[in-house]
Amino acid sequence: MLEGKARVEDTDMPARMQAAATTAASRALDLFDVADFRGIAGHIKTEFDKRYGVGWQCVVGASFGCFFTHTSGTFIYFSLERLSFLLFKAAAAVAVAAS
């Protein structure tokens, strides 16, 4: 397991949740081939859905860009090994009423 080796680039998560995210990523790397980005991301998402409620999104890769809206206190972007991890809980959509 690679716990403690993650480098957090940006986050607004509480420290305990950050530790859970990096631990989940480390476990996923133990379970899946490092090239199986989808398997790794799915494992982390599923673990966070079970632990913190549904609606989590996870992106894993060596290089990617993104733009999204997240629920406050649920965002983390970190690297572990040669991979980058983006984990967040999607913000609820706000309907705009037509007048």
# chains A, B, ... in the order shown; residues from 1 in each chain; ligands from 1
$ select_by_dssp --residues "chain A" --states "helix (DSSP H, G or I)" --output "MDAnalysis selection string"
chainID A and resid 15:31 37:52
$ closest_residue --among "A:Gln18, A:Thr71, A:Ser79, A:Ser26" --to "A:Gly55" --atoms "only C-alpha atoms"
A:Thr71
$ atom_distance --atom1 "atom CA of A:Val60" --atom2 "atom CA of A:Phe85"
4.8 Å
$ select_by_dssp --residues "chain A" --states "strand (DSSP E)" --output "list in words"
Arg7, Val8, Glu9, Asp10, Thr11, Trp56, Gln57, Cys58, Val59, Val60, Gly61, Ile76, Tyr77, Phe78, Ser79, Leu80, Leu83, Ser84, Phe85, Leu86, Leu87, Phe88 and Lys89 of chain A
$ residues_around --residues "A:Lys89" --least-positions-apart "5" --cutoff "9 Å" --atoms "only C-alpha atoms" --output "mmCIF file with N, CA, C and O atoms, in the first residue's frame"
data_model
loop_
_atom_site.group_PDB
_atom_site.id
_atom_site.type_symbol
_atom_site.label_atom_id
_atom_site.label_comp_id
_atom_site.auth_asym_id
_atom_site.auth_seq_id
_atom_site.Cartn_x
_atom_site.Cartn_y
_atom_site.Cartn_z
ATOM 1 N N VAL A 54 -24.275 8.878 -2.092
ATOM 2 C CA VAL A 54 -24.116 8.819 -3.549
ATOM 3 C C VAL A 54 -23.892 10.200 -4.178
ATOM 4 O O VAL A 54 -24.206 11.221 -3.573
ATOM 5 N N GLY A 55 -23.341 10.173 -5.376
ATOM 6 C CA GLY A 55 -23.130 11.398 -6.134
ATOM 7 C C GLY A 55 -21.665 11.742 -6.369
ATOM 8 O O GLY A 55 -21.356 12.785 -6.933
ATOM 9 N N TRP A 56 -20.746 10.869 -5.960
ATOM 10 C CA TRP A 56 -19.324 11.127 -6.130
ATOM 11 C C TRP A 56 -18.892 10.866 -7.565
ATOM 12 O O TRP A 56 -19.414 9.978 -8.228
ATOM 13 N N GLN A 57 -17.933 11.651 -8.015
ATOM 14 C CA GLN A 57 -17.345 11.510 -9.345
ATOM 15 C C GLN A 57 -15.841 11.369 -9.157
ATOM 16 O O GLN A 57 -15.256 12.032 -8.301
ATOM 17 N N CYS A 58 -15.221 10.526 -9.984
ATOM 18 C CA CYS A 58 -13.785 10.320 -9.878
ATOM 19 C C CYS A 58 -13.181 10.245 -11.271
ATOM 20 O O CYS A 58 -13.698 9.533 -12.134
ATOM 21 N N THR A 69 -18.637 21.831 -11.429
ATOM 22 C CA THR A 69 -19.145 22.454 -10.215
ATOM 23 C C THR A 69 -19.288 21.349 -9.177
ATOM 24 O O THR A 69 -19.808 20.277 -9.476
ATOM 25 N N HIS A 70 -18.795 21.601 -7.974
ATOM 26 C CA HIS A 70 -18.848 20.571 -6.932
ATOM 27 C C HIS A 70 -19.504 21.120 -5.671
ATOM 28 O O HIS A 70 -19.596 22.330 -5.477
ATOM 29 N N THR A 71 -19.941 20.215 -4.827
ATOM 30 C CA THR A 71 -20.486 20.555 -3.526
ATOM 31 C C THR A 71 -19.334 21.004 -2.630
ATOM 32 O O THR A 71 -18.298 20.337 -2.577
ATOM 33 N N SER A 72 -19.497 22.105 -1.965
ATOM 34 C CA SER A 72 -18.449 22.644 -1.102
ATOM 35 C C SER A 72 -17.986 21.602 -0.088
ATOM 36 O O SER A 72 -18.794 20.895 0.514
ATOM 37 N N GLY A 73 -16.667 21.498 0.086
ATOM 38 C CA GLY A 73 -16.094 20.578 1.063
ATOM 39 C C GLY A 73 -15.896 19.170 0.556
ATOM 40 O O GLY A 73 -15.604 18.273 1.349
ATOM 41 N N THR A 74 -16.042 18.953 -0.763
ATOM 42 C CA THR A 74 -15.962 17.582 -1.300
ATOM 43 C C THR A 74 -14.968 17.431 -2.448
ATOM 44 O O THR A 74 -14.974 16.425 -3.138
ATOM 45 N N PHE A 75 -14.086 18.376 -2.646
ATOM 46 C CA PHE A 75 -13.177 18.355 -3.788
ATOM 47 C C PHE A 75 -11.746 18.043 -3.361
ATOM 48 O O PHE A 75 -11.250 18.594 -2.374
#
$ residues_around --residues "A:Leu29" --least-positions-apart "2" --cutoff "10 Å" --atoms "only C-alpha atoms" --output "ChimeraX atom specification"
/A:1-2,23-27,31-37,39-41,43,80-81,83
$ write_last_selection --atoms "N, CA, C and O atoms" --output "PDB file, in the first residue's frame"
ATOM      1  N   MET A   1       0.845  -1.182   0.000  1.00  0.00           N
ATOM      2  CA  MET A   1       0.000   0.000   0.000  1.00  0.00           C
ATOM      3  C   MET A   1       0.890   1.245   0.000  1.00  0.00           C
ATOM      4  O   MET A   1       1.937   1.259   0.615  1.00  0.00           O
ATOM      5  N   LEU A   2       0.434   2.282  -0.673  1.00  0.00           N
ATOM      6  CA  LEU A   2       1.221   3.492  -0.863  1.00  0.00           C
ATOM      7  C   LEU A   2       0.751   4.653   0.004  1.00  0.00           C
ATOM      8  O   LEU A   2       0.967   5.799  -0.335  1.00  0.00           O
ATOM      9  N   THR A  23      -6.163   7.068   0.743  1.00  0.00           N
ATOM     10  CA  THR A  23      -6.134   5.652   1.111  1.00  0.00           C
ATOM     11  C   THR A  23      -6.927   4.821   0.105  1.00  0.00           C
ATOM     12  O   THR A  23      -6.485   3.741  -0.305  1.00  0.00           O
ATOM     13  N   ALA A  24      -8.086   5.308  -0.323  1.00  0.00           N
ATOM     14  CA  ALA A  24      -8.885   4.600  -1.325  1.00  0.00           C
ATOM     15  C   ALA A  24      -8.111   4.475  -2.634  1.00  0.00           C
ATOM     16  O   ALA A  24      -8.139   3.418  -3.290  1.00  0.00           O
ATOM     17  N   ALA A  25      -7.407   5.514  -3.022  1.00  0.00           N
ATOM     18  CA  ALA A  25      -6.600   5.473  -4.248  1.00  0.00           C
ATOM     19  C   ALA A  25      -5.468   4.472  -4.120  1.00  0.00           C
ATOM     20  O   ALA A  25      -5.198   3.693  -5.046  1.00  0.00           O
ATOM     21  N   SER A  26      -4.831   4.455  -2.981  1.00  0.00           N
ATOM     22  CA  SER A  26      -3.753   3.505  -2.738  1.00  0.00           C
ATOM     23  C   SER A  26      -4.250   2.065  -2.808  1.00  0.00           C
ATOM     24  O   SER A  26      -3.636   1.202  -3.434  1.00  0.00           O
ATOM     25  N   ARG A  27      -5.409   1.807  -2.189  1.00  0.00           N
ATOM     26  CA  ARG A  27      -6.011   0.472  -2.248  1.00  0.00           C
ATOM     27  C   ARG A  27      -6.362   0.086  -3.672  1.00  0.00           C
ATOM     28  O   ARG A  27      -6.161  -1.053  -4.096  1.00  0.00           O
ATOM     29  N   LEU A  31      -5.263  -3.123  -6.143  1.00  0.00           N
ATOM     30  CA  LEU A  31      -6.235  -4.059  -6.715  1.00  0.00           C
ATOM     31  C   LEU A  31      -6.254  -4.095  -8.238  1.00  0.00           C
ATOM     32  O   LEU A  31      -6.605  -5.118  -8.829  1.00  0.00           O
ATOM     33  N   PHE A  32      -5.930  -2.984  -8.892  1.00  0.00           N
ATOM     34  CA  PHE A  32      -6.059  -2.865 -10.344  1.00  0.00           C
ATOM     35  C   PHE A  32      -4.712  -2.576 -10.988  1.00  0.00           C
ATOM     36  O   PHE A  32      -3.837  -1.973 -10.366  1.00  0.00           O
ATOM     37  N   ASP A  33      -4.587  -2.978 -12.236  1.00  0.00           N
ATOM     38  CA  ASP A  33      -3.411  -2.622 -13.026  1.00  0.00           C
ATOM     39  C   ASP A  33      -3.354  -1.107 -13.138  1.00  0.00           C
ATOM     40  O   ASP A  33      -4.390  -0.451 -13.277  1.00  0.00           O
ATOM     41  N   VAL A  34      -2.159  -0.535 -13.083  1.00  0.00           N
ATOM     42  CA  VAL A  34      -2.002   0.918 -13.105  1.00  0.00           C
ATOM     43  C   VAL A  34      -2.563   1.546 -14.381  1.00  0.00           C
ATOM     44  O   VAL A  34      -2.920   2.718 -14.393  1.00  0.00           O
ATOM     45  N   ALA A  35      -2.713   0.766 -15.447  1.00  0.00           N
ATOM     46  CA  ALA A  35      -3.273   1.281 -16.708  1.00  0.00           C
ATOM     47  C   ALA A  35      -4.800   1.195 -16.746  1.00  0.00           C
ATOM     48  O   ALA A  35      -5.422   1.703 -17.676  1.00  0.00           O
ATOM     49  N   ASP A  36      -5.412   0.570 -15.742  1.00  0.00           N
ATOM     50  CA  ASP A  36      -6.864   0.409 -15.704  1.00  0.00           C
ATOM     51  C   ASP A  36      -7.500   1.614 -15.003  1.00  0.00           C
ATOM     52  O   ASP A  36      -8.017   1.518 -13.890  1.00  0.00           O
ATOM     53  N   PHE A  37      -7.455   2.772 -15.669  1.00  0.00           N
ATOM     54  CA  PHE A  37      -7.969   4.009 -15.072  1.00  0.00           C
ATOM     55  C   PHE A  37      -9.437   3.877 -14.676  1.00  0.00           C
ATOM     56  O   PHE A  37      -9.855   4.354 -13.628  1.00  0.00           O
ATOM     57  N   GLY A  39     -11.177   1.150 -13.879  1.00  0.00           N
ATOM     58  CA  GLY A  39     -11.318   0.292 -12.697  1.00  0.00           C
ATOM     59  C   GLY A  39     -10.919   1.011 -11.420  1.00  0.00           C
ATOM     60  O   GLY A  39     -11.602   0.924 -10.392  1.00  0.00           O
ATOM     61  N   ILE A  40      -9.805   1.744 -11.479  1.00  0.00           N
ATOM     62  CA  ILE A  40      -9.322   2.502 -10.320  1.00  0.00           C
ATOM     63  C   ILE A  40     -10.341   3.564  -9.919  1.00  0.00           C
ATOM     64  O   ILE A  40     -10.723   3.673  -8.753  1.00  0.00           O
ATOM     65  N   ALA A  41     -10.802   4.341 -10.906  1.00  0.00           N
ATOM     66  CA  ALA A  41     -11.778   5.400 -10.631  1.00  0.00           C
ATOM     67  C   ALA A  41     -13.080   4.826 -10.081  1.00  0.00           C
ATOM     68  O   ALA A  41     -13.662   5.370  -9.135  1.00  0.00           O
ATOM     69  N   HIS A  43     -13.528   2.064  -8.409  1.00  0.00           N
ATOM     70  CA  HIS A  43     -13.318   1.588  -7.045  1.00  0.00           C
ATOM     71  C   HIS A  43     -13.393   2.750  -6.045  1.00  0.00           C
ATOM     72  O   HIS A  43     -14.058   2.653  -5.014  1.00  0.00           O
ATOM     73  N   LEU A  80      -0.527  10.388  -7.110  1.00  0.00           N
ATOM     74  CA  LEU A  80      -0.003   9.211  -6.433  1.00  0.00           C
ATOM     75  C   LEU A  80       0.626   8.346  -7.511  1.00  0.00           C
ATOM     76  O   LEU A  80      -0.029   8.076  -8.529  1.00  0.00           O
ATOM     77  N   GLU A  81       1.870   7.945  -7.273  1.00  0.00           N
ATOM     78  CA  GLU A  81       2.615   7.258  -8.330  1.00  0.00           C
ATOM     79  C   GLU A  81       2.711   8.200  -9.522  1.00  0.00           C
ATOM     80  O   GLU A  81       3.008   9.365  -9.342  1.00  0.00           O
ATOM     81  N   LEU A  83       0.080   8.843 -11.471  1.00  0.00           N
ATOM     82  CA  LEU A  83      -1.296   9.185 -11.814  1.00  0.00           C
ATOM     83  C   LEU A  83      -1.804  10.396 -11.040  1.00  0.00           C
ATOM     84  O   LEU A  83      -1.356  10.671  -9.926  1.00  0.00           O
TER      85      LEU A  83
END
$ decode --residues "stretch 46-75 of chain A" --atoms "N, CA and C atoms" --output "CSV table (one decimal), in the first residue's frame"
chain,number,residue,atom,x,y,z
A,46,THR,N,-17.0,4.2,-5.8
A,46,THR,CA,-17.9,3.2,-5.1
A,46,THR,C,-17.6,3.3,-3.6
A,47,GLU,N,-16.4,3.4,-3.2
A,47,GLU,CA,-16.0,3.5,-1.8
A,47,GLU,C,-16.5,4.8,-1.2
A,48,PHE,N,-16.4,5.9,-1.9
A,48,PHE,CA,-17.0,7.2,-1.4
A,48,PHE,C,-18.5,7.2,-1.4
A,49,ASP,N,-19.1,6.6,-2.4
A,49,ASP,CA,-20.6,6.6,-2.4
A,49,ASP,C,-21.1,5.8,-1.2
A,50,LYS,N,-20.4,4.7,-0.8
A,50,LYS,CA,-20.8,3.9,0.3
A,50,LYS,C,-20.6,4.7,1.6
A,51,ARG,N,-19.5,5.4,1.7
A,51,ARG,CA,-19.0,6.0,3.0
A,51,ARG,C,-19.7,7.4,3.2
A,52,TYR,N,-19.9,8.2,2.1
A,52,TYR,CA,-20.3,9.5,2.2
A,52,TYR,C,-21.6,9.9,1.4
A,53,GLY,N,-22.3,8.9,0.9
A,53,GLY,CA,-23.5,9.1,0.2
A,53,GLY,C,-23.3,9.2,-1.3
A,54,VAL,N,-24.3,8.9,-2.1
A,54,VAL,CA,-24.1,8.8,-3.5
A,54,VAL,C,-23.9,10.2,-4.2
A,55,GLY,N,-23.3,10.2,-5.4
A,55,GLY,CA,-23.1,11.4,-6.1
A,55,GLY,C,-21.7,11.7,-6.4
A,56,TRP,N,-20.7,10.9,-6.0
A,56,TRP,CA,-19.3,11.1,-6.1
A,56,TRP,C,-18.9,10.9,-7.6
A,57,GLN,N,-17.9,11.7,-8.0
A,57,GLN,CA,-17.3,11.5,-9.3
A,57,GLN,C,-15.8,11.4,-9.2
A,58,CYS,N,-15.2,10.5,-10.0
A,58,CYS,CA,-13.8,10.3,-9.9
A,58,CYS,C,-13.2,10.2,-11.3
A,59,VAL,N,-12.1,11.0,-11.5
A,59,VAL,CA,-11.3,10.9,-12.7
A,59,VAL,C,-9.9,10.5,-12.4
A,60,VAL,N,-9.4,9.6,-13.1
A,60,VAL,CA,-8.0,9.1,-12.9
A,60,VAL,C,-7.3,9.1,-14.2
A,61,GLY,N,-6.1,9.6,-14.3
A,61,GLY,CA,-5.3,9.5,-15.5
A,61,GLY,C,-3.9,10.1,-15.3
A,62,ALA,N,-3.2,10.1,-16.4
A,62,ALA,CA,-1.8,10.6,-16.4
A,62,ALA,C,-1.9,12.1,-16.8
A,63,SER,N,-2.9,12.5,-17.6
A,63,SER,CA,-3.0,13.8,-18.1
A,63,SER,C,-4.5,14.1,-18.5
A,64,PHE,N,-5.1,15.1,-17.9
A,64,PHE,CA,-6.5,15.4,-18.2
A,64,PHE,C,-6.8,16.8,-17.8
A,65,GLY,N,-7.8,17.4,-18.4
A,65,GLY,CA,-8.3,18.7,-18.0
A,65,GLY,C,-9.7,18.6,-17.6
A,66,CYS,N,-10.3,19.5,-16.9
A,66,CYS,CA,-11.7,19.4,-16.5
A,66,CYS,C,-12.2,20.8,-16.1
A,67,PHE,N,-13.5,20.8,-16.0
A,67,PHE,CA,-14.2,22.0,-15.5
A,67,PHE,C,-15.5,21.5,-15.0
A,68,PHE,N,-15.8,21.8,-13.7
A,68,PHE,CA,-17.0,21.2,-13.1
A,68,PHE,C,-17.5,22.1,-11.9
A,69,THR,N,-18.6,21.8,-11.4
A,69,THR,CA,-19.1,22.5,-10.2
A,69,THR,C,-19.3,21.3,-9.2
A,70,HIS,N,-18.8,21.6,-8.0
A,70,HIS,CA,-18.8,20.6,-6.9
A,70,HIS,C,-19.5,21.1,-5.7
A,71,THR,N,-19.9,20.2,-4.8
A,71,THR,CA,-20.5,20.6,-3.5
A,71,THR,C,-19.3,21.0,-2.6
A,72,SER,N,-19.5,22.1,-2.0
A,72,SER,CA,-18.4,22.6,-1.1
A,72,SER,C,-18.0,21.6,-0.1
A,73,GLY,N,-16.7,21.5,0.1
A,73,GLY,CA,-16.1,20.6,1.1
A,73,GLY,C,-15.9,19.2,0.6
A,74,THR,N,-16.0,19.0,-0.8
A,74,THR,CA,-16.0,17.6,-1.3
A,74,THR,C,-15.0,17.4,-2.4
A,75,PHE,N,-14.1,18.4,-2.6
A,75,PHE,CA,-13.2,18.4,-3.8
A,75,PHE,C,-11.7,18.0,-3.4
